[in-house]
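K.L.:
This is the structure I have questions about; it appears just below.
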Amino acid sequence: MITTQNLQFSYNSKQNFSFPDLKCESGNTLLITGNSGKGKTTLLHLLGGLLTPTSGNIQIDDTEISKLSPSKLDAFRGKNIGMVLQKSYFVEALSVLDNVILASWLATGKKAKEKAIQLLTQLDLENQIHKLPAQLSIGQQQRVNIARALINNPKVILADEPTSSLDDDNAQIVADLLANLASKHKAALIIVTHDQRLKSKFTNAINL
Ligand SMILES: Nc1ncnc2c1ncn2[C@@H]1O[C@H](COP(=O)(O)OP(=O)(O)OP(=O)(O)O)[C@@H](O)[C@H]1O
């Protein structure tokens, strides 16, 4: 489960963000919606520990993440938080499969090859696994991103517009897969989106 209380943040003195408290239970999905510039991505980055709040709390199960030292936060994030960011950061010289395996090795010291193949197959990428990321379409890269975020069975999955570059069929597949895996692995799934297709699919939402 992930909860926040009185979360505030500012990039500079001109703009202060004050976010509503949120709660997402394990196995559930919460959408974060809101107009452009309202701070949706900023909130997701706070939840993932990529930014530090100026005040307030973020709790994942029993851990208050803003109180962790940078090295403990890195280790915690690797094991417990799966992030699907808008931009994919791949190691371009490694195959799709090795990029996913790398995420397991960095977090746990083990190479979860079978699990990586299984996830990539579920995401309809079994014929792409030996290609380089740059040889895939944007939508395919986004699905590799999702496999990489899920490889360590995270407690929390944070996804920034995971379906916006996908056609209707793939948007449906990706949304169902994220929600099913979150439910199966008892992860809390938080999705930032503008995508009307997701708004009609998931009813639990906060609007910034
Ligand atoms: N690194 C940064 N430094 C300074 N200001 C930033 C930075 N990143 C974002 N901002 C500003 O913070 C505000 C919120 O940005 P954010 O990306 O969180 O909004 P958003 O709701 O996700 O928007 P969109 O829907 O357009 O992606 C914007 O005004 C943006 O210009």
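Residue names in the structure tokens use chain letters A, B, ... in the order shown, residue numbers from 1 in each chain, and ligand numbers from 1 in the order shown.
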Name the residues of chain A that come out as strand (DSSP E) in a backbone DSSP run; write them as a PyMOL selection string.

P.N.:
chain A and resi 2-12+15-18+23-24+29-33+55-60+63-64+81-84+156-160+188-192+205-207

K.L.:
Write out as a ChimeraX atom specification each polymer residue whose atoms come within 7 Å of Leu166 of chain A, counting only C-alpha atoms; drop sequence neighbours fewer than 4 positions from it.

P.N.:
/A:139,170-171

K.L.:
Could the residues of chain A that have an atom at most 7 Å from ligand 1 be listed as a Markdown table, each with its closest atom pair and the distance in Å to one decimal, counting only C-alpha atoms and all ligand atoms and ordered by chain and ascending residue number?

P.N.:
```
| residue | atom | partner | partner_atom_place_in_ligand_line | distance |
| --- | --- | --- | --- | --- |
| A:Tyr11 | CA | ligand 1 | 4 (C) | 4.9 |
| A:Asn12 | CA | ligand 1 | 4 (C) | 6.7 |
| A:Gly34 | CA | ligand 1 | 21 (O) | 6.3 |
| A:Asn35 | CA | ligand 1 | 25 (O) | 5.9 |
| A:Ser36 | CA | ligand 1 | 25 (O) | 3.5 |
| A:Gly37 | CA | ligand 1 | 19 (O) | 3.6 |
| A:Lys38 | CA | ligand 1 | 21 (O) | 3.9 |
| A:Gly39 | CA | ligand 1 | 18 (O) | 3.2 |
| A:Lys40 | CA | ligand 1 | 21 (O) | 3.8 |
| A:Thr41 | CA | ligand 1 | 22 (O) | 3.8 |
| A:Thr42 | CA | ligand 1 | 18 (O) | 3.7 |
| A:Leu43 | CA | ligand 1 | 18 (O) | 6.5 |
```

K.L.:
Could you save the residues just selected, with N, CA and C atoms, as a PDB file, in the first residue's frame?

P.N.:
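And here is the file that came out, part06.pdb:
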```
ATOM      1  N   TYR A  11       9.856  23.409  -7.410  1.00  0.00           N
ATOM      2  CA  TYR A  11      11.104  23.422  -8.185  1.00  0.00           C
ATOM      3  C   TYR A  11      11.830  24.735  -7.929  1.00  0.00           C
ATOM      4  N   ASN A  12      11.044  25.788  -7.656  1.00  0.00           N
ATOM      5  CA  ASN A  12      11.617  27.113  -7.416  1.00  0.00           C
ATOM      6  C   ASN A  12      10.589  27.920  -6.615  1.00  0.00           C
ATOM      7  N   GLY A  34      -5.611  15.293 -14.560  1.00  0.00           N
ATOM      8  CA  GLY A  34      -5.482  16.738 -14.338  1.00  0.00           C
ATOM      9  C   GLY A  34      -4.928  17.398 -15.581  1.00  0.00           C
ATOM     10  N   ASN A  35      -5.214  18.686 -15.717  1.00  0.00           N
ATOM     11  CA  ASN A  35      -4.772  19.411 -16.906  1.00  0.00           C
ATOM     12  C   ASN A  35      -3.250  19.495 -16.972  1.00  0.00           C
ATOM     13  N   SER A  36      -2.778  19.771 -18.178  1.00  0.00           N
ATOM     14  CA  SER A  36      -1.345  19.900 -18.411  1.00  0.00           C
ATOM     15  C   SER A  36      -0.732  20.933 -17.465  1.00  0.00           C
ATOM     16  N   GLY A  37       0.395  20.587 -16.855  1.00  0.00           N
ATOM     17  CA  GLY A  37       1.105  21.530 -15.988  1.00  0.00           C
ATOM     18  C   GLY A  37       0.639  21.523 -14.544  1.00  0.00           C
ATOM     19  N   LYS A  38      -0.344  20.696 -14.223  1.00  0.00           N
ATOM     20  CA  LYS A  38      -0.875  20.645 -12.853  1.00  0.00           C
ATOM     21  C   LYS A  38       0.066  19.916 -11.886  1.00  0.00           C
ATOM     22  N   GLY A  39       1.030  19.174 -12.433  1.00  0.00           N
ATOM     23  CA  GLY A  39       2.002  18.519 -11.554  1.00  0.00           C
ATOM     24  C   GLY A  39       1.853  17.011 -11.446  1.00  0.00           C
ATOM     25  N   LYS A  40       1.229  16.398 -12.449  1.00  0.00           N
ATOM     26  CA  LYS A  40       1.009  14.942 -12.396  1.00  0.00           C
ATOM     27  C   LYS A  40       2.334  14.180 -12.419  1.00  0.00           C
ATOM     28  N   THR A  41       3.191  14.541 -13.385  1.00  0.00           N
ATOM     29  CA  THR A  41       4.489  13.854 -13.477  1.00  0.00           C
ATOM     30  C   THR A  41       5.328  14.157 -12.238  1.00  0.00           C
ATOM     31  N   THR A  42       5.252  15.396 -11.767  1.00  0.00           N
ATOM     32  CA  THR A  42       5.992  15.774 -10.552  1.00  0.00           C
ATOM     33  C   THR A  42       5.561  14.883  -9.380  1.00  0.00           C
ATOM     34  N   LEU A  43       4.249  14.690  -9.233  1.00  0.00           N
ATOM     35  CA  LEU A  43       3.753  13.843  -8.143  1.00  0.00           C
ATOM     36  C   LEU A  43       4.258  12.410  -8.306  1.00  0.00           C
TER      37      LEU A  43
END
```

K.L.:
Based on the backbone DSSP call, show me all residues of segment 54-153 of chain A assigned alpha helix (DSSP H), as JSON, numbers by chain.

P.N.:
{"A": [70, 71, 72, 73, 74, 75, 76, 77, 78, 79, 80, 96, 97, 98, 99, 100, 101, 102, 103, 104, 105, 106, 107, 108, 113, 114, 115, 116, 117, 118, 119, 120, 121, 122, 138, 139, 140, 141, 142, 143, 144, 145, 146, 147, 148, 149, 150]}

K.L.:
Any chance you could export the current selection's N, CA and C atoms as a short mmCIF file (atom, residue, chain, number, x, y, z; two decimals), in the first residue's frame?

P.N.:
```
data_model
loop_
_atom_site.label_atom_id
_atom_site.label_comp_id
_atom_site.auth_asym_id
_atom_site.auth_seq_id
_atom_site.Cartn_x
_atom_site.Cartn_y
_atom_site.Cartn_z
N PRO A 70 20.06 8.55 0.50
CA PRO A 70 20.05 8.32 -0.95
C PRO A 70 20.39 6.87 -1.32
N SER A 71 21.35 6.25 -0.65
CA SER A 71 21.71 4.88 -1.05
C SER A 71 20.63 3.89 -0.65
N LYS A 72 20.01 4.10 0.52
CA LYS A 72 18.93 3.20 0.94
C LYS A 72 17.70 3.39 0.03
N LEU A 73 17.48 4.64 -0.37
CA LEU A 73 16.34 4.91 -1.26
C LEU A 73 16.56 4.22 -2.62
N ASP A 74 17.78 4.28 -3.14
CA ASP A 74 18.08 3.59 -4.42
C ASP A 74 17.80 2.10 -4.31
N ALA A 75 18.27 1.50 -3.21
CA ALA A 75 18.07 0.05 -3.02
C ALA A 75 16.58 -0.25 -2.86
N PHE A 76 15.88 0.59 -2.09
CA PHE A 76 14.45 0.38 -1.86
C PHE A 76 13.69 0.48 -3.19
N ARG A 77 14.04 1.51 -3.98
CA ARG A 77 13.34 1.72 -5.25
C ARG A 77 13.53 0.52 -6.18
N GLY A 78 14.79 0.06 -6.25
CA GLY A 78 15.09 -1.06 -7.15
C GLY A 78 14.25 -2.28 -6.84
N LYS A 79 14.03 -2.55 -5.56
CA LYS A 79 13.31 -3.77 -5.18
C LYS A 79 11.80 -3.58 -5.12
N ASN A 80 11.35 -2.37 -4.79
CA ASN A 80 9.94 -2.21 -4.42
C ASN A 80 9.11 -1.32 -5.33
N VAL A 96 16.72 -6.20 -26.17
CA VAL A 96 15.51 -5.98 -25.38
C VAL A 96 15.51 -6.92 -24.16
N LEU A 97 15.77 -8.21 -24.41
CA LEU A 97 15.76 -9.18 -23.30
C LEU A 97 16.80 -8.81 -22.25
N ASP A 98 18.01 -8.48 -22.69
CA ASP A 98 19.07 -8.16 -21.71
C ASP A 98 18.76 -6.88 -20.94
N ASN A 99 18.06 -5.93 -21.57
CA ASN A 99 17.66 -4.72 -20.83
C ASN A 99 16.72 -5.09 -19.68
N VAL A 100 15.82 -6.03 -19.92
CA VAL A 100 14.88 -6.42 -18.86
C VAL A 100 15.62 -7.23 -17.78
N ILE A 101 16.49 -8.14 -18.23
CA ILE A 101 17.27 -8.94 -17.27
C ILE A 101 18.15 -8.03 -16.41
N LEU A 102 18.73 -7.01 -17.03
CA LEU A 102 19.62 -6.08 -16.30
C LEU A 102 18.91 -5.48 -15.08
N ALA A 103 17.63 -5.15 -15.27
CA ALA A 103 16.87 -4.53 -14.16
C ALA A 103 16.77 -5.50 -12.98
N SER A 104 16.66 -6.80 -13.25
CA SER A 104 16.60 -7.76 -12.14
C SER A 104 17.98 -7.92 -11.51
N TRP A 105 18.99 -7.93 -12.34
CA TRP A 105 20.35 -8.11 -11.81
C TRP A 105 20.77 -6.91 -10.95
N LEU A 106 20.44 -5.69 -11.39
CA LEU A 106 20.81 -4.50 -10.62
C LEU A 106 20.12 -4.48 -9.26
N ALA A 107 18.86 -4.94 -9.21
CA ALA A 107 18.11 -4.86 -7.95
C ALA A 107 18.39 -6.03 -7.02
N THR A 108 18.66 -7.21 -7.59
CA THR A 108 18.73 -8.40 -6.73
C THR A 108 20.04 -9.17 -6.84
N LYS A 113 16.05 -14.50 -16.13
CA LYS A 113 15.85 -14.64 -17.59
C LYS A 113 14.48 -15.23 -17.93
N GLU A 114 14.08 -16.31 -17.25
CA GLU A 114 12.79 -16.94 -17.56
C GLU A 114 11.64 -15.96 -17.35
N LYS A 115 11.70 -15.24 -16.23
CA LYS A 115 10.63 -14.29 -15.91
C LYS A 115 10.60 -13.18 -16.97
N ALA A 116 11.78 -12.73 -17.40
CA ALA A 116 11.85 -11.67 -18.42
C ALA A 116 11.19 -12.14 -19.71
N ILE A 117 11.49 -13.38 -20.11
CA ILE A 117 10.89 -13.92 -21.35
C ILE A 117 9.38 -14.04 -21.18
N GLN A 118 8.97 -14.49 -20.01
CA GLN A 118 7.53 -14.66 -19.75
C GLN A 118 6.80 -13.31 -19.83
N LEU A 119 7.37 -12.29 -19.20
CA LEU A 119 6.72 -10.97 -19.23
C LEU A 119 6.68 -10.41 -20.66
N LEU A 120 7.81 -10.53 -21.36
CA LEU A 120 7.87 -9.99 -22.72
C LEU A 120 6.88 -10.74 -23.63
N THR A 121 6.70 -12.03 -23.38
CA THR A 121 5.73 -12.81 -24.16
C THR A 121 4.32 -12.34 -23.85
N GLN A 122 4.01 -12.12 -22.57
CA GLN A 122 2.68 -11.62 -22.19
C GLN A 122 2.39 -10.28 -22.86
N ILE A 138 7.83 2.83 -31.08
CA ILE A 138 7.66 3.52 -29.79
C ILE A 138 6.71 2.72 -28.88
N GLY A 139 5.64 2.21 -29.47
CA GLY A 139 4.68 1.44 -28.68
C GLY A 139 5.30 0.16 -28.14
N GLN A 140 6.13 -0.50 -28.98
CA GLN A 140 6.83 -1.71 -28.51
C GLN A 140 7.82 -1.35 -27.40
N GLN A 141 8.53 -0.24 -27.58
CA GLN A 141 9.49 0.19 -26.53
C GLN A 141 8.75 0.45 -25.22
N GLN A 142 7.56 1.02 -25.32
CA GLN A 142 6.80 1.30 -24.11
C GLN A 142 6.44 0.00 -23.39
N ARG A 143 6.16 -1.05 -24.17
CA ARG A 143 5.83 -2.34 -23.54
C ARG A 143 7.08 -2.98 -22.92
N VAL A 144 8.25 -2.77 -23.53
CA VAL A 144 9.50 -3.27 -22.91
C VAL A 144 9.71 -2.55 -21.56
N ASN A 145 9.44 -1.26 -21.58
CA ASN A 145 9.50 -0.44 -20.37
C ASN A 145 8.66 -1.05 -19.25
N ILE A 146 7.49 -1.53 -19.63
CA ILE A 146 6.56 -2.11 -18.64
C ILE A 146 7.13 -3.44 -18.13
N ALA A 147 7.66 -4.26 -19.03
CA ALA A 147 8.26 -5.52 -18.59
C ALA A 147 9.38 -5.24 -17.60
N ARG A 148 10.18 -4.23 -17.90
CA ARG A 148 11.32 -3.89 -17.03
C ARG A 148 10.83 -3.41 -15.66
N ALA A 149 9.73 -2.66 -15.66
CA ALA A 149 9.20 -2.15 -14.39
C ALA A 149 8.64 -3.28 -13.53
N LEU A 150 8.18 -4.36 -14.17
CA LEU A 150 7.50 -5.43 -13.43
C LEU A 150 8.42 -6.58 -13.03
#
```

K.L.:
Considering only C-alpha atoms, can you say which of A:Ala134, A:Leu68, A:Leu208, A:Cys24 comes closest to Ala187 of chain A?

P.N.:
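Ranked by minimum distance to Ala187 of chain A, first place goes to A:Cys24.
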
K.L.:
Name the closest residue to Thr33 of chain A among the candidates A:Asp62, A:Glu92, A:Asp167, A:Asp195; distances are taken between atoms, counting only C-alpha atoms.

P.N.:
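Closest to Thr33 of chain A of all the choices is A:Asp195.
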
K.L.:
Rank nothing, just name the residue among A:Leu177, A:Ile32, A:Ile2, A:Val91 nearest to Ile65 of chain A, using only C-alpha atoms.

P.N.:
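Counting only C-alpha atoms, the residue closest to Ile65 of chain A is A:Ile2.
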
K.L.:
Which neighbours of Thr203 of chain A fall inside 12 Å, counting only C-alpha atoms, when residues of the same chain fewer than 2 positions from it are skipped, and could you give them as a PyMOL selection string?

P.N.:
chain A and resi 28-33+191+196-201+205-207

K.L.:
Please provide as JSON, numbers by chain all residues within 12 Å of Leu189 of chain A, with the sequence filter that same-chain residues fewer than 2 positions apart are discarded (counting only C-alpha atoms).

P.N.:
{"A": [1, 2, 23, 24, 25, 26, 27, 28, 29, 30, 31, 32, 44, 47, 48, 81, 82, 83, 84, 149, 150, 153, 154, 155, 156, 157, 158, 159, 160, 162, 175, 176, 177, 178, 179, 180, 181, 182, 183, 184, 185, 186, 187, 191, 192, 202, 204, 205]}

K.L.:
Could you please take those selected residues and save N, CA and C atoms as a short mmCIF file (atom, residue, chain, number, x, y, z; two decimals), in the first residue's frame?

P.N.:
```cif
data_model
loop_
_atom_site.label_atom_id
_atom_site.label_comp_id
_atom_site.auth_asym_id
_atom_site.auth_seq_id
_atom_site.Cartn_x
_atom_site.Cartn_y
_atom_site.Cartn_z
N MET A 1 0.83 -1.20 0.00
CA MET A 1 0.00 0.00 0.00
C MET A 1 0.88 1.26 0.00
N ILE A 2 0.42 2.27 -0.70
CA ILE A 2 1.13 3.55 -0.68
C ILE A 2 0.17 4.66 -0.22
N LYS A 23 -4.17 7.46 -1.41
CA LYS A 23 -4.00 6.14 -0.82
C LYS A 23 -4.30 5.12 -1.91
N CYS A 24 -3.42 4.18 -2.11
CA CYS A 24 -3.70 3.10 -3.06
C CYS A 24 -3.32 1.79 -2.39
N GLU A 25 -4.32 0.95 -2.19
CA GLU A 25 -4.11 -0.34 -1.52
C GLU A 25 -3.40 -1.31 -2.46
N SER A 26 -2.73 -2.28 -1.89
CA SER A 26 -2.10 -3.33 -2.68
C SER A 26 -3.16 -4.02 -3.55
N GLY A 27 -2.82 -4.23 -4.80
CA GLY A 27 -3.75 -4.91 -5.71
C GLY A 27 -4.73 -3.98 -6.40
N ASN A 28 -4.74 -2.70 -5.98
CA ASN A 28 -5.69 -1.74 -6.58
C ASN A 28 -5.00 -0.80 -7.56
N THR A 29 -5.83 -0.07 -8.31
CA THR A 29 -5.32 0.91 -9.29
C THR A 29 -5.90 2.29 -8.97
N LEU A 30 -5.03 3.28 -9.02
CA LEU A 30 -5.45 4.67 -8.83
C LEU A 30 -4.97 5.49 -10.02
N LEU A 31 -5.91 6.23 -10.63
CA LEU A 31 -5.50 7.13 -11.71
C LEU A 31 -5.25 8.52 -11.15
N ILE A 32 -4.23 9.19 -11.67
CA ILE A 32 -4.01 10.60 -11.37
C ILE A 32 -4.25 11.36 -12.67
N LEU A 44 4.23 11.90 -9.53
CA LEU A 44 4.70 10.52 -9.76
C LEU A 44 6.18 10.39 -9.41
N LEU A 47 6.50 10.22 -5.71
CA LEU A 47 6.09 8.90 -5.19
C LEU A 47 7.19 7.86 -5.43
N GLY A 48 7.93 8.03 -6.52
CA GLY A 48 9.00 7.09 -6.85
C GLY A 48 10.33 7.45 -6.22
N ILE A 81 9.77 -0.54 -6.18
CA ILE A 81 9.02 0.40 -7.02
C ILE A 81 9.36 0.13 -8.49
N GLY A 82 8.34 -0.11 -9.28
CA GLY A 82 8.54 -0.25 -10.73
C GLY A 82 8.03 1.00 -11.41
N MET A 83 8.90 1.65 -12.17
CA MET A 83 8.48 2.92 -12.80
C MET A 83 8.43 2.77 -14.32
N VAL A 84 7.32 3.20 -14.90
CA VAL A 84 7.19 3.27 -16.36
C VAL A 84 7.13 4.75 -16.70
N ALA A 149 9.73 -2.66 -15.66
CA ALA A 149 9.20 -2.15 -14.39
C ALA A 149 8.64 -3.28 -13.53
N LEU A 150 8.18 -4.36 -14.17
CA LEU A 150 7.50 -5.43 -13.43
C LEU A 150 8.42 -6.58 -13.03
N ASN A 153 8.80 -7.81 -9.32
CA ASN A 153 7.57 -7.90 -8.51
C ASN A 153 7.46 -6.74 -7.53
N PRO A 154 7.43 -5.50 -8.01
CA PRO A 154 7.43 -4.35 -7.10
C PRO A 154 6.14 -4.26 -6.28
N LYS A 155 6.25 -3.61 -5.11
CA LYS A 155 5.06 -3.36 -4.27
C LYS A 155 4.21 -2.25 -4.87
N VAL A 156 4.90 -1.33 -5.57
CA VAL A 156 4.21 -0.18 -6.16
C VAL A 156 4.65 -0.06 -7.62
N ILE A 157 3.68 0.12 -8.51
CA ILE A 157 3.99 0.35 -9.92
C ILE A 157 3.51 1.77 -10.26
N LEU A 158 4.42 2.59 -10.77
CA LEU A 158 4.09 3.98 -11.10
C LEU A 158 4.24 4.14 -12.60
N ALA A 159 3.17 4.50 -13.28
CA ALA A 159 3.22 4.57 -14.74
C ALA A 159 2.78 5.94 -15.22
N ASP A 160 3.65 6.57 -16.01
CA ASP A 160 3.37 7.91 -16.55
C ASP A 160 2.90 7.77 -17.99
N PRO A 162 1.18 5.42 -19.68
CA PRO A 162 1.68 4.18 -20.28
C PRO A 162 0.99 3.79 -21.58
N ALA A 175 -3.23 -1.88 -20.49
CA ALA A 175 -3.99 -1.50 -19.29
C ALA A 175 -4.42 -2.75 -18.53
N ASP A 176 -4.90 -3.76 -19.27
CA ASP A 176 -5.33 -5.00 -18.61
C ASP A 176 -4.15 -5.70 -17.96
N LEU A 177 -3.02 -5.74 -18.68
CA LEU A 177 -1.86 -6.44 -18.14
C LEU A 177 -1.35 -5.76 -16.87
N LEU A 178 -1.26 -4.44 -16.91
CA LEU A 178 -0.80 -3.71 -15.71
C LEU A 178 -1.74 -3.98 -14.53
N ALA A 179 -3.03 -3.86 -14.79
CA ALA A 179 -4.00 -4.05 -13.70
C ALA A 179 -4.00 -5.49 -13.21
N ASN A 180 -3.92 -6.46 -14.15
CA ASN A 180 -3.92 -7.87 -13.73
C ASN A 180 -2.67 -8.23 -12.94
N LEU A 181 -1.53 -7.73 -13.42
CA LEU A 181 -0.29 -8.04 -12.69
C LEU A 181 -0.29 -7.37 -11.33
N ALA A 182 -0.80 -6.14 -11.26
CA ALA A 182 -0.87 -5.45 -9.97
C ALA A 182 -1.75 -6.25 -9.02
N SER A 183 -2.86 -6.72 -9.53
CA SER A 183 -3.78 -7.49 -8.69
C SER A 183 -3.15 -8.82 -8.28
N LYS A 184 -2.55 -9.53 -9.25
CA LYS A 184 -1.95 -10.84 -8.97
C LYS A 184 -0.80 -10.75 -7.97
N HIS A 185 0.05 -9.74 -8.15
CA HIS A 185 1.23 -9.61 -7.27
C HIS A 185 0.98 -8.70 -6.08
N LYS A 186 -0.30 -8.30 -5.91
CA LYS A 186 -0.67 -7.44 -4.77
C LYS A 186 0.16 -6.15 -4.74
N ALA A 187 0.35 -5.58 -5.93
CA ALA A 187 1.05 -4.29 -6.03
C ALA A 187 0.02 -3.17 -6.13
N ILE A 191 -1.38 5.31 -12.01
CA ILE A 191 -1.20 5.69 -13.41
C ILE A 191 -1.53 7.17 -13.59
N VAL A 192 -0.58 7.92 -14.11
CA VAL A 192 -0.84 9.30 -14.54
C VAL A 192 -1.31 9.26 -15.98
N PHE A 202 -10.91 2.65 -15.33
CA PHE A 202 -10.61 2.62 -13.89
C PHE A 202 -11.37 3.77 -13.22
N ASN A 204 -11.28 4.54 -9.82
CA ASN A 204 -10.62 5.13 -8.66
C ASN A 204 -9.62 6.19 -9.15
N ALA A 205 -9.95 7.48 -8.96
CA ALA A 205 -9.10 8.52 -9.56
C ALA A 205 -9.04 9.75 -8.67
#
```

K.L.:
Point out the residue among A:Ser10, A:Ser165, A:Thr3, A:Asn152 with the least atom-to-atom distance to Asp61 of chain A, counting only C-alpha atoms.

P.N.:
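When distances to Asp61 of chain A are compared using only C-alpha atoms, the smallest one comes from A:Thr3.
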
K.L.:
Have a look at atom CA of Asp168 of chain A and atom CA of Leu22 of chain A and let me know their distance in Å, one decimal.

P.N.:
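That distance, rounded to one decimal, is 28.9 Å.
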